[in-house]
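K.L.:
The structure's right below; bear with me while I get my questions together.
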Amino acid sequence: MKQIWTLYRYEWKKIVKRRLVWICMAISAVMIAATVGGTVLDILYEDDGETETMYQAFQKDKAYQKALEGKIIDQELLEETMAVYGTIPKDVERYSQTEEYEAYARPYSAIFQYIRIATDMVTKEARQWEADERELYDMHLEMLMREADSCRLSQDEKDFWLAQEERKTWPVEFRYKEGYWRLLDCGYTIGLLAIVVTAICLSGVFVEEHVRRTDQLILSSRHGRQKAFWAKFLAGLTFALALSLLFSGLSFLIAFGIYGAEGFTADFQLVSGGFFPPLNVGGAVLLYYACMGIAVVFVAAFVMALSELLRSSIGTLSFVVGVVILGIFVNVPAHLRILAQAWSYLPSNFIANWNVFNARLVGLFGKFLMPWQAVPMLYVILGIGLAFLGRRAFMRYQVTGR
């Protein structure tokens with residue numbers, strides 16, 4: 001064990017001391033900062049020679065949302081919201097630029113947006129809606145059932161979600177939660193960045209000895225091939241985990257620094273009405289980033305095993321990036337239920353919040369598991385298999401032709 005630990009520290013230093021790693025880290029830090037917080041510095045519009053940045057607009061909207069903090073979205077608040085939105089001229093398309101919106105409706109814009117996401121109404125429909133608390137809940141339930149039908153859920157799955165729906169609190173209490181919403185909204189980009197950087201940094205862990213022709217020395221080590229393999233593999237996995245934690249930590253730091261960390265216990269429905277799980281916003285964000293971290297570590301295992309099988313870092317990197325690009329542009333039709341579900345479990349697809357909290361369930365021993373419960377377990381099992389597959393290739397490798 002001591003020998004593996006010594007080799008592990010050596011391999012870890014080899015990874016983190018590479019110039020490419022630090023270049024990737026620097027570029028990633030800039031991209032994360034731009035993704036999570038950059039837009040608040042953009043110019044929103046100009047009016048009478050005065051310029052309002054998105055950050056200034058955010059501060060104004062934040063103050064309005066703080067004024068609504070703790071209010072129950074009941075019949076009274078719904079009526080207030082629709083009454084002030086009724087002051088906006090109905091023939092105006094860009095209503096947010098009207099004086100009526102700025103003077104009367106903007107303080108209630110967060111409630112209006114909740115009405116839209118809870119019912120899936122477009123803006124035009126929502127502006128014409130007559131406030132009715134019971135109808136709002138019914139429309140919300142109808143939207144969830146439409147989502148269930150679009151995902152081709154079985155009746156048992158629908159019954160499962162209906163039981164989960166009964167655990168939700170209704171009517172919803174409004175809470176300010178912009179920091180957590182931002183983390184969910186930017187998570188997919190951050191996850192893709194983590195996967196690509198992991199592939200770039202780890203695709204050469206096993207290959208570089210073959211390329212530099214130092215593999216004869218490594219493979220004839222007195223500590224044995226097996227210990228050398230596990231030292232390399234564990235160093236790669238811990239690097240991927242550290243990378244994921246670093247990216248997540250930086251994202252949290254920026255999001256909370258700009259938008260605030262308030263609203264951890266806010267209802268998940270305030271962020272996205274189309275998600276089924278009865279979670280709070282803070283718990284959902286932590287769950288989401290934990291799933292992202294497991295996905296990145298799994299990708300690390302895949303990259304290292306594939307690189308040892310192919311004996312090529314370029315080939316491995318090309319394959320991983322190709323799959324990532326394919327996942328972005330290819331969408332499997334929902335009516336192909338099994339294929340669509342399997343496609344959504346691909347790491348580069350699963351890191352999207354709409355897949356982590358997807359309505360499609362996994363049946364196991366007579367019980368249903370949600371994606372965020374089932375997929376990480378699948379990654380662990382497959383990751384172990386990849387480890388032994390890579391070990392097999394590493395142990396059987398013979399240096400020839402020199």
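Naming scheme: A, B, ... for chains in displayed order of the structure tokens; residues 1 onward per chain; ligands 1 onward as shown.
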Can you tell me, as a VMD selection string, what residues are no more than 12 Å from A:Val320 when counting only C-alpha atoms, ignoring any on the same chain fewer than 3 positions away?
P.N.:
chain A and resid 192 195 to 200 202 to 203 299 to 300 302 to 304 306 to 307 313 to 317 323 to 327 346 to 348
K.L.:
Report as a compact mmCIF listing (two decimals) with N, CA and C atoms, in the first residue's frame all protein, DNA and RNA residues lying within 8 Å of stretch 283-297 of chain A, evaluated on only C-alpha atoms, omitting residues in the same chain fewer than 4 positions from it.
P.N.:
```txt
# COMPACT_ATOMS: atom_id res chain seq x y z
N TYR A 180 -29.23 30.47 -6.78
CA TYR A 180 -29.41 29.04 -7.07
C TYR A 180 -29.95 28.83 -8.47
N LEU A 183 -27.08 29.05 -10.87
CA LEU A 183 -26.24 27.85 -10.85
C LEU A 183 -26.87 26.72 -11.65
N LEU A 184 -28.19 26.58 -11.55
CA LEU A 184 -28.87 25.56 -12.35
C LEU A 184 -28.84 25.91 -13.83
N GLY A 187 -25.29 25.33 -15.24
CA GLY A 187 -24.66 24.05 -14.92
C GLY A 187 -24.26 23.23 -16.13
N GLY A 191 -20.57 21.90 -16.77
CA GLY A 191 -20.34 20.46 -16.84
C GLY A 191 -19.63 20.05 -18.12
N ALA A 194 -16.04 20.99 -17.85
CA ALA A 194 -15.31 20.07 -16.98
C ALA A 194 -14.99 18.76 -17.69
N ILE A 195 -15.92 18.26 -18.48
CA ILE A 195 -15.70 17.01 -19.20
C ILE A 195 -14.60 17.16 -20.25
N THR A 198 -11.21 17.58 -18.56
CA THR A 198 -10.79 16.28 -18.04
C THR A 198 -10.21 15.41 -19.14
N LEU A 237 -8.40 9.78 -11.40
CA LEU A 237 -9.74 9.93 -10.83
C LEU A 237 -9.79 11.07 -9.82
N THR A 238 -8.79 11.15 -8.96
CA THR A 238 -8.79 12.22 -7.95
C THR A 238 -8.58 13.59 -8.59
N ALA A 240 -9.77 14.39 -11.56
CA ALA A 240 -11.09 14.73 -12.11
C ALA A 240 -12.03 15.20 -11.02
N LEU A 241 -11.98 14.54 -9.86
CA LEU A 241 -12.82 14.95 -8.73
C LEU A 241 -12.43 16.35 -8.26
N SER A 244 -13.65 18.92 -10.75
CA SER A 244 -15.09 19.15 -10.63
C SER A 244 -15.41 20.03 -9.42
N LEU A 245 -14.75 19.74 -8.29
CA LEU A 245 -14.97 20.54 -7.08
C LEU A 245 -14.50 21.98 -7.28
N SER A 248 -17.03 23.71 -9.59
CA SER A 248 -18.28 23.95 -8.84
C SER A 248 -18.08 25.04 -7.80
N PHE A 264 -32.18 29.12 0.04
CA PHE A 264 -31.83 27.69 0.00
C PHE A 264 -33.08 26.81 0.15
N THR A 265 -33.99 27.19 1.02
CA THR A 265 -35.18 26.37 1.29
C THR A 265 -36.37 26.74 0.40
N PHE A 268 -38.71 24.29 -5.15
CA PHE A 268 -38.14 24.03 -6.47
C PHE A 268 -39.06 24.53 -7.58
N LEU A 279 -38.48 18.97 -4.17
CA LEU A 279 -37.24 19.38 -3.54
C LEU A 279 -37.26 20.87 -3.23
N ALA A 301 -12.45 7.98 -15.88
CA ALA A 301 -12.19 6.54 -15.97
C ALA A 301 -12.27 6.06 -17.41
N PRO A 347 -22.85 10.79 -20.16
CA PRO A 347 -22.38 11.85 -19.25
C PRO A 347 -22.52 13.26 -19.78
N PHE A 350 -26.24 13.88 -19.54
CA PHE A 350 -26.83 13.78 -18.20
C PHE A 350 -26.55 15.02 -17.36
N ILE A 351 -25.46 15.72 -17.62
CA ILE A 351 -25.12 16.89 -16.81
C ILE A 351 -26.07 18.06 -17.03
N ASN A 353 -29.52 19.87 -16.44
CA ASN A 353 -30.45 19.74 -15.32
C ASN A 353 -31.76 19.09 -15.73
N VAL A 356 -31.04 15.37 -15.33
CA VAL A 356 -30.87 14.94 -13.93
C VAL A 356 -32.22 14.83 -13.24
N TRP A 372 -31.41 10.92 -10.87
CA TRP A 372 -30.30 11.31 -10.02
C TRP A 372 -29.97 10.26 -8.97
N PRO A 376 -25.96 7.80 -11.17
CA PRO A 376 -24.68 7.73 -10.46
C PRO A 376 -24.27 6.31 -10.08
N TYR A 379 -22.91 4.75 -13.17
CA TYR A 379 -21.55 5.23 -13.44
C TYR A 379 -20.52 4.52 -12.57
```
K.L.:
Please provide the set of residues having any atom within 9 Å of A:Asp120, restricted to only C-alpha atoms, with same-chain residues fewer than 6 positions apart removed, written as a list in words.
P.N.:
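Result of the neighbour search: Met139, His140, Met143, Gly273 and Gly274 of chain A.
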K.L.:
Measuring atom to atom with only C-alpha atoms, identify which of A:Phe206, A:Trp230, A:Phe256, A:Trp181 is nearest to A:Ser272.
P.N.:
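The shortest atom-to-atom distance to A:Ser272 comes from A:Trp181.
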K.L.:
Any idea what's packed within 9 Å of A:Met31, counting only C-alpha atoms, ignoring anything in its chain fewer than 5 positions away? Could you give it as a ChimeraX atom specification?
P.N.:
/A:26,36,190,193
K.L.:
Considering only C-alpha atoms, return as number ranges by chain whatever protein or nucleic-acid residues lie within 9 Å of A:Gly37, sequence-local ones (same chain, fewer than 6 positions apart) excluded.
P.N.:
A: 182, 251, 254-255, 258-259
K.L.:
Tell me which of A:Ala163, A:Leu246, A:Val281, A:Gly390 sits closest to A:Arg311, counting only C-alpha atoms.
P.N.:
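Smallest distance to A:Arg311 is found for A:Gly390.
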K.L.:
Set the distance at 12 Å and use only C-alpha atoms: which residues neighbour A:Asp156 once local chain neighbours fewer than 3 positions away are removed? I'd like the list as a short mmCIF file (atom, residue, chain, number, x, y, z; two decimals) with all heavy atoms, in the first residue's frame.
P.N.:
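What follows is the written file around_10.cif:
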```
data_model
loop_
_atom_site.label_atom_id
_atom_site.label_comp_id
_atom_site.auth_asym_id
_atom_site.auth_seq_id
_atom_site.Cartn_x
_atom_site.Cartn_y
_atom_site.Cartn_z
N ALA A 148 -45.37 14.20 -18.69
CA ALA A 148 -45.34 12.74 -18.49
C ALA A 148 -45.68 12.01 -19.79
O ALA A 148 -45.04 11.02 -20.14
CB ALA A 148 -46.30 12.34 -17.38
N ARG A 152 -43.37 9.56 -22.50
CA ARG A 152 -43.88 8.19 -22.66
C ARG A 152 -43.83 7.40 -21.34
O ARG A 152 -43.39 6.25 -21.29
CB ARG A 152 -43.11 7.44 -23.74
CG ARG A 152 -43.19 8.06 -25.13
CD ARG A 152 -44.62 8.06 -25.65
NE ARG A 152 -44.69 8.33 -27.07
CZ ARG A 152 -44.78 9.55 -27.63
NH1 ARG A 152 -44.76 10.62 -26.83
NH2 ARG A 152 -44.87 9.70 -28.93
N LEU A 153 -44.28 8.04 -20.27
CA LEU A 153 -44.28 7.36 -18.98
C LEU A 153 -45.40 6.35 -18.91
O LEU A 153 -46.49 6.54 -19.47
CB LEU A 153 -44.45 8.37 -17.85
CG LEU A 153 -43.39 9.46 -17.68
CD1 LEU A 153 -43.59 10.18 -16.35
CD2 LEU A 153 -41.98 8.91 -17.76
N ASP A 159 -48.38 7.38 -11.63
CA ASP A 159 -48.89 7.26 -10.25
C ASP A 159 -47.81 7.61 -9.24
O ASP A 159 -48.08 8.22 -8.20
CB ASP A 159 -49.41 5.84 -10.01
CG ASP A 159 -50.67 5.52 -10.83
OD1 ASP A 159 -51.34 6.49 -11.26
OD2 ASP A 159 -50.96 4.33 -11.02
N PHE A 160 -46.57 7.19 -9.54
CA PHE A 160 -45.45 7.52 -8.66
C PHE A 160 -45.29 9.03 -8.53
O PHE A 160 -45.15 9.56 -7.42
CB PHE A 160 -44.17 6.88 -9.20
CG PHE A 160 -42.92 7.28 -8.45
CD1 PHE A 160 -42.50 6.57 -7.35
CD2 PHE A 160 -42.17 8.39 -8.86
CE1 PHE A 160 -41.34 6.93 -6.66
CE2 PHE A 160 -41.02 8.75 -8.18
CZ PHE A 160 -40.61 8.03 -7.08
N TRP A 161 -45.32 9.72 -9.66
CA TRP A 161 -45.13 11.16 -9.64
C TRP A 161 -46.32 11.90 -9.02
O TRP A 161 -46.15 12.94 -8.38
CB TRP A 161 -44.85 11.69 -11.04
CG TRP A 161 -43.46 11.40 -11.53
CD1 TRP A 161 -43.10 10.72 -12.65
CD2 TRP A 161 -42.24 11.79 -10.90
NE1 TRP A 161 -41.74 10.65 -12.76
CE2 TRP A 161 -41.18 11.30 -11.70
CE3 TRP A 161 -41.93 12.49 -9.74
CZ2 TRP A 161 -39.84 11.50 -11.37
CZ3 TRP A 161 -40.60 12.70 -9.41
CH2 TRP A 161 -39.57 12.21 -10.22
N LEU A 162 -47.51 11.37 -9.22
CA LEU A 162 -48.68 11.99 -8.59
C LEU A 162 -48.57 11.90 -7.07
O LEU A 162 -48.96 12.83 -6.35
CB LEU A 162 -49.97 11.31 -9.08
CG LEU A 162 -50.41 11.67 -10.51
CD1 LEU A 162 -51.59 10.80 -10.94
CD2 LEU A 162 -50.78 13.15 -10.60
N ALA A 163 -48.04 10.78 -6.59
CA ALA A 163 -47.82 10.63 -5.15
C ALA A 163 -46.77 11.63 -4.66
O ALA A 163 -46.89 12.19 -3.57
CB ALA A 163 -47.39 9.20 -4.82
N ARG A 360 -38.50 10.46 -16.51
CA ARG A 360 -38.34 9.03 -16.79
C ARG A 360 -37.66 8.34 -15.60
O ARG A 360 -36.62 8.78 -15.13
CB ARG A 360 -37.51 8.82 -18.06
CG ARG A 360 -38.11 9.43 -19.32
CD ARG A 360 -37.27 9.04 -20.53
NE ARG A 360 -37.71 9.70 -21.74
CZ ARG A 360 -37.14 10.78 -22.26
NH1 ARG A 360 -36.07 11.30 -21.67
NH2 ARG A 360 -37.58 11.32 -23.37
N LEU A 361 -38.27 7.25 -15.16
CA LEU A 361 -37.78 6.54 -13.99
C LEU A 361 -37.09 5.24 -14.38
O LEU A 361 -37.23 4.75 -15.50
CB LEU A 361 -38.94 6.24 -13.03
CG LEU A 361 -39.70 7.46 -12.50
CD1 LEU A 361 -40.95 7.02 -11.75
CD2 LEU A 361 -38.81 8.30 -11.60
N VAL A 362 -36.36 4.68 -13.44
CA VAL A 362 -35.69 3.39 -13.64
C VAL A 362 -36.27 2.40 -12.64
O VAL A 362 -36.22 2.64 -11.43
CB VAL A 362 -34.16 3.51 -13.43
CG1 VAL A 362 -33.50 2.14 -13.55
CG2 VAL A 362 -33.58 4.49 -14.43
N GLY A 363 -36.84 1.32 -13.15
CA GLY A 363 -37.40 0.30 -12.29
C GLY A 363 -36.33 -0.66 -11.79
O GLY A 363 -35.53 -1.15 -12.58
N GLY A 366 -38.77 -3.87 -8.23
CA GLY A 366 -40.14 -3.48 -7.89
C GLY A 366 -40.30 -2.06 -7.41
O GLY A 366 -41.39 -1.64 -7.03
N LYS A 367 -39.20 -1.29 -7.41
CA LYS A 367 -39.26 0.10 -6.99
C LYS A 367 -38.77 1.00 -8.12
O LYS A 367 -38.07 0.56 -9.03
CB LYS A 367 -38.43 0.33 -5.73
CG LYS A 367 -38.96 -0.40 -4.50
CD LYS A 367 -38.14 -0.04 -3.27
CE LYS A 367 -38.70 -0.72 -2.03
NZ LYS A 367 -37.93 -0.37 -0.80
N PHE A 368 -39.13 2.27 -8.03
CA PHE A 368 -38.68 3.25 -9.02
C PHE A 368 -37.57 4.11 -8.45
O PHE A 368 -37.63 4.54 -7.30
CB PHE A 368 -39.85 4.15 -9.46
CG PHE A 368 -40.81 3.48 -10.39
CD1 PHE A 368 -42.15 3.36 -10.06
CD2 PHE A 368 -40.39 2.99 -11.62
CE1 PHE A 368 -43.05 2.76 -10.91
CE2 PHE A 368 -41.28 2.38 -12.50
CZ PHE A 368 -42.61 2.26 -12.14
#
```
K.L.:
Using only C-alpha atoms, which residue out of A:Gly70, A:Thr169, A:Ala305, A:Phe319 lies closest to A:Ala387?
P.N.:
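Checking each of A:Gly70, A:Thr169, A:Ala305, A:Phe319 against A:Ala387, counting only C-alpha atoms, the winner is A:Ala305.
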K.L.:
Which residue gives the smallest distance to A:Val21 among A:Ala33, A:Cys201, A:Glu80, A:Gly263, with only C-alpha atoms counted?
P.N.:
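Ranked by minimum distance to A:Val21, first place goes to A:Cys201.
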K.L.:
Name the residues of stretch 87-330 of chain A that come out as helix (DSSP H, G or I) in a backbone DSSP run; write them as a ChimeraX atom specification.
P.N.:
/A:95-97,99-119,123-128,133-150,155-165,178-202,208-212,215-219,225-259,268-270,281-310,313-329
